[in-house]
$ cat model_16.txt   # compact mmCIF, C-alpha atoms and all ligand atoms
# COMPACT_ATOMS: atom_id res chain seq x y z
CA MET G 1 12.81 -16.54 -2.94
CA THR G 2 13.29 -15.26 0.54
CA GLY G 3 10.45 -16.36 2.75
CA VAL G 4 9.45 -13.93 5.44
CA GLY G 5 8.83 -16.67 7.96
CA SER G 6 7.34 -15.76 11.28
CA VAL G 7 6.91 -12.16 12.16
CA ALA G 8 8.35 -10.74 15.33
CA VAL G 9 5.93 -8.30 16.80
CA HIS G 10 5.97 -6.13 19.91
CA THR G 11 8.98 -4.36 18.50
CA PHE G 12 7.63 -0.87 18.97
CA VAL G 13 7.15 0.67 22.32
CA THR G 14 6.65 4.38 22.03
CA HIS G 15 3.04 5.38 21.88
CA GLN G 16 2.02 7.77 19.22
CA ASN G 17 -1.48 8.76 18.33
CA PRO G 18 -1.87 9.02 14.58
CA ALA G 19 -4.88 11.29 15.02
CA ASN G 20 -2.48 13.99 16.10
CA MET G 21 -0.75 13.77 12.77
CA THR G 22 -3.69 13.94 10.44
CA ALA G 23 -4.15 17.70 10.58
CA HIS G 24 -3.79 19.01 7.09
CA GLN G 25 -0.81 21.26 6.91
CA SER G 26 -0.66 23.79 4.15
CA THR G 27 1.47 22.53 1.33
CA ASP G 28 4.07 24.59 -0.37
CA GLY G 29 5.37 24.56 -3.89
CA HIS G 30 3.38 22.21 -6.03
CA HIS G 31 0.12 21.95 -4.27
CA VAL G 32 -2.11 19.07 -5.22
CA SER G 33 -5.61 20.29 -5.74
CA GLY G 34 -8.70 18.64 -4.40
CA MET G 35 -6.99 17.09 -1.45
CA ALA G 36 -6.83 19.59 1.33
CA ARG G 37 -10.34 19.41 2.55
CA GLY G 38 -9.29 17.94 5.88
CA ARG G 39 -12.19 15.81 6.97
CA ALA G 40 -12.04 16.29 10.68
CA GLU G 41 -14.84 13.85 11.44
CA SER G 42 -12.35 11.77 13.37
CA GLY G 43 -11.92 12.04 17.08
CA PRO G 44 -8.58 11.21 18.64
CA ALA G 45 -10.35 9.20 21.31
CA ARG G 46 -11.72 6.92 18.66
CA PHE G 47 -8.24 6.10 17.38
CA ALA G 48 -7.13 5.51 20.91
CA ALA G 49 -9.94 3.03 21.45
CA TYR G 50 -8.63 0.96 18.59
CA ASP G 51 -4.93 1.53 18.84
CA GLU G 52 -4.58 1.11 22.55
CA PHE G 53 -5.55 -2.51 22.69
CA PRO G 54 -3.42 -3.96 25.44
CA ASP G 55 -0.70 -6.41 24.45
CA GLY G 56 -2.10 -9.84 23.86
CA GLU G 57 -5.34 -8.46 22.47
CA PHE G 58 -6.15 -8.95 18.85
CA PHE G 59 -7.33 -6.90 15.94
CA ASP G 60 -11.00 -6.37 16.37
CA PRO G 61 -12.40 -4.99 13.15
CA ASP G 62 -15.84 -4.94 14.74
CA ALA G 63 -14.88 -2.49 17.48
CA GLU G 64 -17.31 0.17 18.71
CA PHE G 65 -15.66 2.97 16.76
CA GLU G 66 -16.86 1.56 13.47
CA PRO G 67 -19.88 3.48 12.19
CA ASP G 68 -20.59 0.88 9.52
CA PRO G 69 -21.33 -2.47 11.17
CA GLU G 70 -22.34 -4.08 7.91
CA TYR G 71 -18.89 -3.53 6.49
CA ALA G 72 -17.28 -4.67 9.73
CA ALA G 73 -19.12 -7.95 9.24
CA THR G 74 -17.33 -8.47 5.96
CA ILE G 75 -14.11 -8.96 7.86
CA ALA G 76 -15.30 -10.52 11.10
CA PRO G 77 -18.75 -12.07 10.93
CA ASP G 78 -18.48 -13.09 14.55
CA ALA G 79 -16.19 -10.76 16.45
CA ALA G 80 -17.00 -12.44 19.77
CA ARG G 81 -15.84 -15.79 18.44
CA GLN G 82 -12.78 -14.14 16.93
CA ARG G 83 -11.87 -12.63 20.31
CA ARG G 84 -12.51 -15.92 22.12
CA GLU G 85 -10.46 -18.00 19.72
CA ARG G 86 -7.99 -15.23 18.88
CA ILE G 87 -8.07 -16.17 15.25
CA GLY G 88 -7.64 -13.56 12.54
CA PRO G 89 -9.43 -13.54 9.20
CA THR G 90 -6.70 -15.65 7.60
CA GLY G 91 -7.50 -18.45 10.06
CA ARG G 92 -4.22 -18.02 11.92
CA PRO G 93 -3.67 -16.58 15.41
CA MET G 94 -3.86 -12.81 15.04
CA PRO G 95 -0.84 -10.98 16.41
CA TYR G 96 -1.14 -7.50 17.81
CA PHE G 97 0.85 -4.97 15.84
CA PRO G 98 1.76 -2.10 18.14
CA ILE G 99 1.75 1.56 17.24
CA PRO G 100 5.20 2.31 15.81
CA GLY G 101 7.33 4.84 17.61
CA PRO G 102 8.96 7.80 15.93
CA VAL G 103 11.71 7.05 13.43
CA THR G 104 15.02 6.96 15.24
CA GLU G 105 17.29 6.41 12.29
CA ARG G 106 16.83 8.05 8.95
CA GLY G 107 18.41 6.03 6.22
CA PRO G 108 17.79 5.19 2.62
CA ALA G 109 14.15 4.43 2.00
CA THR G 110 12.70 0.93 1.89
CA ILE G 111 11.29 0.60 -1.61
CA ILE G 112 8.11 -1.43 -2.03
CA ALA G 113 6.65 -2.48 -5.40
CA MET G 114 2.86 -3.02 -5.35
CA CYS G 115 2.62 -5.63 -8.03
CA ASN G 116 0.18 -8.02 -9.68
CA GLN G 117 -0.21 -8.37 -13.42
CA LYS G 118 -3.92 -9.05 -12.89
CA GLY G 119 -6.00 -5.90 -13.23
CA GLY G 120 -8.31 -4.42 -10.63
CA VAL G 121 -6.99 -6.30 -7.60
CA GLY G 122 -6.38 -3.24 -5.40
CA LYS G 123 -2.78 -2.22 -6.25
CA THR G 124 -3.53 1.48 -6.58
CA THR G 125 -5.93 1.54 -3.61
CA SER G 126 -3.32 -0.22 -1.48
CA THR G 127 -0.51 2.10 -2.62
CA ILE G 128 -2.47 5.24 -1.67
CA ASN G 129 -3.76 3.96 1.63
CA LEU G 130 -0.67 2.12 2.84
CA GLY G 131 1.31 5.26 1.96
CA ALA G 132 -1.11 7.53 3.82
CA ALA G 133 -1.13 5.23 6.86
CA LEU G 134 2.68 5.10 6.97
CA ALA G 135 2.72 8.91 6.73
CA GLU G 136 0.26 9.12 9.65
CA TYR G 137 2.77 7.11 11.65
CA GLY G 138 5.38 9.77 10.95
CA ARG G 139 7.14 8.05 8.05
CA ARG G 140 8.20 10.15 5.07
CA VAL G 141 6.61 8.52 2.08
CA LEU G 142 7.08 8.85 -1.67
CA LEU G 143 4.45 7.28 -3.91
CA VAL G 144 5.48 6.51 -7.48
CA ASP G 145 2.76 6.23 -10.12
CA PHE G 146 4.34 3.76 -12.53
CA ASP G 147 1.22 3.02 -14.52
CA PRO G 148 0.46 5.04 -17.68
CA GLN G 149 -3.23 4.96 -16.65
CA GLY G 150 -2.28 7.48 -13.93
CA ALA G 151 -4.86 6.04 -11.50
CA LEU G 152 -2.67 6.72 -8.48
CA SER G 153 -2.34 10.36 -9.50
CA VAL G 154 -6.11 10.64 -10.04
CA GLY G 155 -6.74 8.94 -6.70
CA LEU G 156 -4.73 11.72 -5.07
CA GLY G 157 -6.66 14.51 -6.76
CA VAL G 158 -4.22 15.19 -9.61
CA ASN G 159 -5.35 15.60 -13.20
CA PRO G 160 -2.69 13.65 -15.13
CA MET G 161 -3.45 15.46 -18.39
CA GLU G 162 -2.47 18.83 -16.93
CA LEU G 163 1.03 17.78 -15.90
CA ASP G 164 4.08 19.25 -17.63
CA ASN G 165 6.49 16.72 -16.18
CA THR G 166 5.83 13.22 -14.96
CA VAL G 167 7.80 10.19 -13.86
CA TYR G 168 8.31 9.55 -17.58
CA ASN G 169 10.54 12.65 -17.85
CA LEU G 170 12.44 11.67 -14.72
CA VAL G 171 13.14 8.18 -16.04
CA MET G 172 13.89 9.09 -19.67
CA GLU G 173 15.64 12.48 -19.46
CA SER G 174 18.98 12.42 -17.69
CA GLY G 175 19.02 16.17 -16.91
CA MET G 176 15.59 16.22 -15.24
CA ALA G 177 15.66 17.33 -11.59
CA PRO G 178 13.30 15.34 -9.30
CA ASP G 179 11.93 18.63 -7.91
CA GLU G 180 10.46 19.42 -11.30
CA VAL G 181 8.32 16.30 -11.13
CA LEU G 182 7.61 15.85 -7.40
CA LEU G 183 4.20 16.89 -6.10
CA LYS G 184 3.35 17.37 -2.46
CA THR G 185 0.08 15.72 -1.47
CA ALA G 186 -2.35 17.02 1.14
CA ILE G 187 -1.14 14.25 3.45
CA PRO G 188 1.73 15.68 5.49
CA GLY G 189 4.90 13.76 4.77
CA MET G 190 3.62 12.09 1.59
CA ASP G 191 4.84 13.13 -1.89
CA LEU G 192 3.98 11.82 -5.34
CA LEU G 193 5.79 11.21 -8.60
CA PRO G 194 2.78 11.38 -10.93
CA SER G 195 2.37 9.76 -14.30
CA ASN G 196 0.15 9.89 -17.34
CA ILE G 197 -0.11 8.24 -20.74
CA ASP G 198 3.39 9.54 -21.67
CA LEU G 199 4.79 6.67 -19.62
CA SER G 200 3.51 4.12 -22.13
CA ALA G 201 6.15 5.43 -24.57
CA ALA G 202 8.88 4.57 -22.05
CA GLU G 203 8.12 0.86 -22.37
CA VAL G 204 9.01 1.06 -26.09
CA GLN G 205 11.87 3.56 -25.81
CA LEU G 206 13.60 1.71 -22.99
CA VAL G 207 13.96 -1.45 -25.07
CA SER G 208 16.95 -0.02 -26.92
CA GLU G 209 18.57 1.49 -23.79
CA VAL G 210 21.62 0.12 -22.01
CA ALA G 211 20.63 -1.30 -18.60
CA ARG G 212 17.00 -0.77 -19.53
CA GLU G 213 15.72 -2.66 -16.48
CA SER G 214 17.31 -0.26 -14.01
CA ALA G 215 16.11 3.08 -15.40
CA LEU G 216 13.67 3.66 -12.53
CA GLN G 217 16.29 2.64 -9.96
CA ARG G 218 18.65 5.30 -11.36
CA ALA G 219 15.89 7.91 -11.39
CA LEU G 220 14.98 7.21 -7.75
CA ALA G 221 18.58 7.14 -6.47
CA PRO G 222 18.81 10.91 -5.69
CA LEU G 223 15.53 10.72 -3.73
CA ILE G 224 15.89 7.72 -1.48
CA ASN G 225 17.65 9.50 1.36
CA ASP G 226 14.74 11.94 1.67
CA TYR G 227 12.18 9.24 2.47
CA ASP G 228 11.57 6.28 4.77
CA PHE G 229 9.34 4.43 2.29
CA VAL G 230 8.90 4.57 -1.45
CA VAL G 231 5.84 2.71 -2.74
CA ILE G 232 5.63 2.02 -6.48
CA ASP G 233 2.20 1.41 -8.01
CA CYS G 234 2.78 -0.99 -10.93
CA GLN G 235 0.69 -1.37 -14.04
CA PRO G 236 -1.23 -4.63 -14.59
CA SER G 237 1.40 -6.39 -16.70
CA LEU G 238 4.76 -8.06 -16.28
CA GLY G 239 6.36 -5.89 -18.95
CA LEU G 240 9.45 -3.73 -18.81
CA LEU G 241 7.89 -1.06 -16.57
CA THR G 242 7.05 -3.66 -13.94
CA VAL G 243 10.51 -5.24 -14.24
CA ASN G 244 11.93 -1.73 -13.65
CA ALA G 245 9.81 -1.42 -10.48
CA LEU G 246 11.00 -4.84 -9.26
CA THR G 247 14.62 -3.94 -10.03
CA ALA G 248 14.32 -0.75 -7.98
CA ALA G 249 12.50 -2.40 -5.06
CA HIS G 250 13.53 -4.16 -1.87
CA LYS G 251 10.13 -5.72 -1.24
CA VAL G 252 7.08 -6.73 -3.21
CA ILE G 253 3.52 -6.60 -1.95
CA VAL G 254 1.09 -8.64 -4.04
CA PRO G 255 -2.55 -7.61 -3.61
CA LEU G 256 -4.91 -10.50 -4.39
CA GLU G 257 -8.63 -10.04 -4.82
CA CYS G 258 -10.53 -12.74 -2.92
CA GLU G 259 -12.32 -14.22 -5.91
CA PHE G 260 -12.21 -17.45 -7.85
CA PHE G 261 -9.29 -16.86 -10.20
CA ALA G 262 -7.20 -15.03 -7.61
CA LEU G 263 -4.33 -17.53 -7.70
CA ARG G 264 -4.24 -17.80 -11.44
CA GLY G 265 -1.13 -16.02 -12.64
CA VAL G 266 0.47 -15.81 -9.20
CA ALA G 267 2.95 -18.56 -10.14
CA LEU G 268 4.05 -16.50 -13.14
CA LEU G 269 4.40 -13.45 -10.90
CA THR G 270 6.51 -15.27 -8.29
CA GLU G 271 8.65 -16.70 -11.11
CA THR G 272 9.22 -13.18 -12.43
CA ILE G 273 10.13 -11.95 -8.94
CA GLU G 274 12.61 -14.84 -8.61
CA LYS G 275 14.17 -14.09 -11.99
CA VAL G 276 14.60 -10.40 -11.16
CA GLN G 277 16.07 -11.41 -7.82
CA GLU G 278 18.59 -13.78 -9.47
CA ARG G 279 19.57 -11.64 -12.41
CA LEU G 280 19.04 -8.00 -11.53
CA ASN G 281 18.29 -7.33 -7.89
CA PRO G 282 19.49 -9.74 -5.17
CA ASN G 283 17.95 -7.44 -2.52
CA LEU G 284 14.41 -8.18 -3.67
CA SER G 285 12.04 -10.31 -1.61
CA LEU G 286 8.32 -10.98 -1.46
CA ASP G 287 7.16 -9.15 1.66
CA GLY G 288 3.64 -10.45 1.54
CA ILE G 289 0.42 -11.26 -0.22
CA LEU G 290 -2.41 -8.93 0.70
CA ALA G 291 -5.94 -10.29 0.50
CA THR G 292 -8.25 -7.54 -0.72
CA MET G 293 -11.99 -7.14 -1.32
CA TYR G 294 -12.65 -9.88 1.21
CA ASP G 295 -16.22 -10.54 2.26
CA SER G 296 -16.39 -13.15 4.97
CA ARG G 297 -20.15 -13.36 4.63
CA THR G 298 -19.62 -15.34 1.45
CA VAL G 299 -18.35 -18.89 1.65
CA HIS G 300 -16.56 -18.21 -1.61
CA SER G 301 -14.44 -15.38 -0.21
CA ARG G 302 -13.53 -17.46 2.85
CA GLU G 303 -12.58 -20.44 0.69
CA VAL G 304 -10.39 -18.34 -1.60
CA LEU G 305 -8.59 -16.82 1.40
CA ALA G 306 -8.06 -20.29 2.89
CA ARG G 307 -6.59 -21.49 -0.43
CA VAL G 308 -4.26 -18.49 -0.62
CA VAL G 309 -3.02 -19.11 2.95
CA GLU G 310 -2.53 -22.79 2.10
CA ALA G 311 -0.51 -21.91 -1.01
CA PHE G 312 1.64 -19.26 0.72
CA PRO G 313 1.68 -20.18 4.42
CA ASP G 314 4.44 -17.71 5.36
CA ASN G 315 3.65 -14.88 3.04
CA VAL G 316 0.04 -13.85 3.55
CA TYR G 317 -0.39 -10.72 5.66
CA HIS G 318 -2.54 -11.18 8.75
CA THR G 319 -4.22 -7.94 7.74
CA VAL G 320 -7.04 -8.47 5.27
CA ILE G 321 -8.79 -5.66 3.42
CA GLY G 322 -12.58 -6.03 3.33
CA ARG G 323 -14.80 -5.11 0.43
CA THR G 324 -16.52 -1.76 0.80
CA VAL G 325 -17.94 0.87 -1.47
CA ARG G 326 -15.96 3.37 0.55
CA PHE G 327 -12.85 2.66 -1.60
CA PRO G 328 -14.39 3.59 -4.97
CA GLU G 329 -15.75 6.69 -3.21
CA THR G 330 -12.27 7.73 -2.16
CA THR G 331 -11.09 7.64 -5.79
CA VAL G 332 -13.83 10.09 -6.72
CA ALA G 333 -12.93 12.24 -3.71
CA GLY G 334 -9.24 12.15 -4.69
CA GLU G 335 -7.94 11.31 -1.24
CA PRO G 336 -6.97 8.29 0.88
CA ILE G 337 -9.56 6.53 3.01
CA THR G 338 -7.53 7.46 6.09
CA THR G 339 -8.68 11.07 5.63
CA TYR G 340 -11.90 10.54 3.64
CA ALA G 341 -13.40 8.15 6.18
CA SER G 342 -10.90 8.26 8.96
CA ASN G 343 -12.93 6.14 11.38
CA SER G 344 -13.92 3.43 8.95
CA VAL G 345 -12.76 -0.14 9.21
CA GLY G 346 -11.18 0.31 5.76
CA ALA G 347 -8.95 3.04 7.19
CA ALA G 348 -8.23 0.92 10.28
CA ALA G 349 -7.30 -2.02 8.06
CA TYR G 350 -4.73 0.00 6.11
CA ARG G 351 -3.35 1.43 9.37
CA GLN G 352 -2.97 -2.13 10.60
CA LEU G 353 -1.29 -3.11 7.32
CA ALA G 354 1.17 -0.24 7.83
CA ARG G 355 1.95 -1.55 11.31
CA GLU G 356 2.34 -5.10 10.00
CA VAL G 357 4.69 -3.91 7.24
CA LEU G 358 6.72 -1.94 9.80
CA ALA G 359 6.83 -4.96 12.13
CA ARG G 360 8.19 -7.08 9.27
CA CYS G 361 10.83 -4.44 8.53
CA HIS G 362 11.92 -4.39 12.17
CA ALA G 363 11.94 -8.18 12.36
CA GLU G 364 14.63 -8.37 9.67
N1 LIG G 401 -11.37 -3.29 -0.63
C1 LIG G 401 -12.10 -2.84 -1.64
N2 LIG G 401 -13.45 -2.93 -1.62
C2 LIG G 401 -14.19 -2.50 -2.65
N3 LIG G 401 -13.68 -1.95 -3.77
C3 LIG G 401 -12.36 -1.85 -3.86
C4 LIG G 401 -11.48 -2.27 -2.81
N4 LIG G 401 -10.20 -2.04 -3.19
C5 LIG G 401 -10.26 -1.49 -4.41
N5 LIG G 401 -11.55 -1.36 -4.81
C6 LIG G 401 -12.04 -0.82 -6.08
O1 LIG G 401 -11.74 -1.76 -7.10
C7 LIG G 401 -11.32 -1.09 -8.28
C8 LIG G 401 -9.90 -1.56 -8.64
O2 LIG G 401 -9.02 -1.18 -7.59
P1 LIG G 401 -7.56 -0.61 -7.91
O3 LIG G 401 -7.65 0.46 -8.93
O4 LIG G 401 -6.92 -0.28 -6.61
O5 LIG G 401 -6.92 -1.91 -8.53
P2 LIG G 401 -5.58 -2.02 -9.39
O6 LIG G 401 -5.02 -3.36 -9.10
O7 LIG G 401 -4.72 -0.85 -9.15
O8 LIG G 401 -6.17 -1.94 -10.87
P3 LIG G 401 -5.30 -1.83 -12.23
O9 LIG G 401 -4.74 -3.20 -12.44
O10 LIG G 401 -6.30 -1.42 -13.26
O11 LIG G 401 -4.23 -0.81 -11.99
C9 LIG G 401 -11.39 0.40 -7.98
O12 LIG G 401 -12.61 0.88 -8.42
C10 LIG G 401 -11.32 0.45 -6.46
O13 LIG G 401 -11.98 1.59 -5.95
MG MG G 402 -3.88 0.51 -10.56

$ encode --input "model_16.txt" --output "structure tokens" --more "lines below"
Ligand SMILES: Nc1ncnc2c1ncn2[C@@H]1O[C@H](COP(=O)(O)OP(=O)(O)OP(=O)(O)O)[C@@H](O)[C@H]1O
Ligand SMILES: [Mg+2]
Amino acid sequence: MTGVGSVAVHTFVTHQNPANMTAHQSTDGHHVSGMARGRAESGPARFAAYDEFPDGEFFDPDAEFEPDPEYAATIAPDAARQRRERIGPTGRPMPYFPIPGPVTERGPATIIAMCNQKGGVGKTTSTINLGAALAEYGRRVLLVDFDPQGALSVGLGVNPMELDNTVYNLVMESGMAPDEVLLKTAIPGMDLLPSNIDLSAAEVQLVSEVARESALQRALAPLINDYDFVVIDCQPSLGLLTVNALTAAHKVIVPLECEFFALRGVALLTETIEKVQERLNPNLSLDGILATMYDSRTVHSREVLARVVEAFPDNVYHTVIGRTVRFPETTVAGEPITTYASNSVGAAAYRQLAREVLARCHAE
């Protein structure tokens, strides 16, 4: 397994205010309903207050812009102490991840698989919100719903039952054009390959196919030059669909819920990643483990996070996602938190995750 080691930061210099990019543009072609309500509650100045921390300053999830101090406390119970000691929620020194500049080189997309066979750990939430945050930073993003539950599609305001074509058709039918499946989302620069229950048939049908593990990779090949990032939302299993996602991907992000059994099953997951890397996809590496649903007010949450950092010292993202009811609300609203509650710490956390992921890409 390729360790990510230390992360070089300060790689981006050009300043870019994401608030300027959140205006909802009208979408053409396949418009995704329920998404274009453009919550303009944000003020650009508020972003600036957070994003323009001078170099050497550290992520302050308790900053003035946060309208929900109780939630802020779930990440940093004592922001003053955090500033003084410059320690992030993972207990390590917190680097500053600068605002990424515009993309200078368009190349084939970096493909990320959001993967954990444990259910309900934040895979879908992280796919939507990391994708939306990367799109705010001017990256062209394709989200792939690779779970027959279709939660990613629902979370973006799509009714999976009304779809004629889904990622299933793209993967299983060789003549299918990607344009017949692609949906534009209300987030400028972010598209979706939706899915529904049809995809569950693929798991069975692929078994008898030649090169069954690389069906998704083949389906994505015509699309990767049109995007900077492709993020694949995996289903909660290590079956053939997940192996397809790992075979197509360059990086894996493993969301881990900060609760007692969080680490159970992670060994099996890392083993699977290693096997895919050895046998099918030498380009694959674990980019990071993302602690989700963290509540620093509970000793339990803090202990679990400490254990995770101890187990994977080089692979835990500095960014930690706190627990907030705002995330379930966004699913109902059918939009990312970055537009639903643009000023919330939840949105800020996923923006920071996007910057951390970009910093890791640039450090390679
Ligand atoms: N940081 C958070 N704080 C509070 N609730 C959260 C958070 N992240 C996700 N949730 C909620 O937890 C539930 C599970 O999240 P999500 O659907 O993202 O997990 P998942 O890993 O994709 O699940 P599955 O394995 O079923 O696909 C959802 O109701 C979601 O709204
Ligand atoms: Mg999911």

$ residues_around --input "model_16.txt" --residues "Glu257 of chain G" --least-positions-apart "4" --cutoff "6 Å" --atoms "only C-alpha atoms" --output "PyMOL selection string"
chain G and resi 121+262+291-293

$ closest_residue --input "model_16.txt" --among "G:Val252, G:Ile99, G:Val181, G:Ala359" --to "Ser195 of chain G" --atoms "only C-alpha atoms"
G:Val181

$ residues_around --input "model_16.txt" --residues "segment 236-243 of chain G" --least-positions-apart "5" --cutoff "7 Å" --atoms "all atoms listed in the file" --output "PyMOL selection string"
chain G and resi 116-119+203+213

$ atom_distance --input "model_16.txt" --atom1 "atom CA of Ala133 of chain G" --atom2 "atom CA of Ala347 of chain G"
8.1 Å

$ residues_near_point --input "model_16.txt" --point "(6.8, -10.5, 3.9)" --cutoff "6 Å" --atoms "all atoms listed in the file" --output "ChimeraX atom specification"
/G:4,286-288,315

$ residues_near_ligand --input "model_16.txt" --ligand "ligand MG 402 (chain G)" --cutoff "9 Å" --atoms "only C-alpha atoms and all ligand atoms" --output "ChimeraX atom specification"
/G:119-125,127,145,147,149-152,233-236

$ closest_residue --input "model_16.txt" --among "G:Ala249, G:Ile289, G:Gly101, G:Ala109" --to "Val266 of chain G" --atoms "all atoms listed in the file"
G:Ile289

$ atom_distance --input "model_16.txt" --atom1 "atom CA of Val254 of chain G" --atom2 "atom CA of Leu269 of chain G"
9.0 Å

$ closest_residue --input "model_16.txt" --among "G:Val141, G:Cys361, G:Ile232, G:Val299" --to "ligand LIG 401 (chain G)" --atoms "only C-alpha atoms and all ligand atoms"
G:Ile232
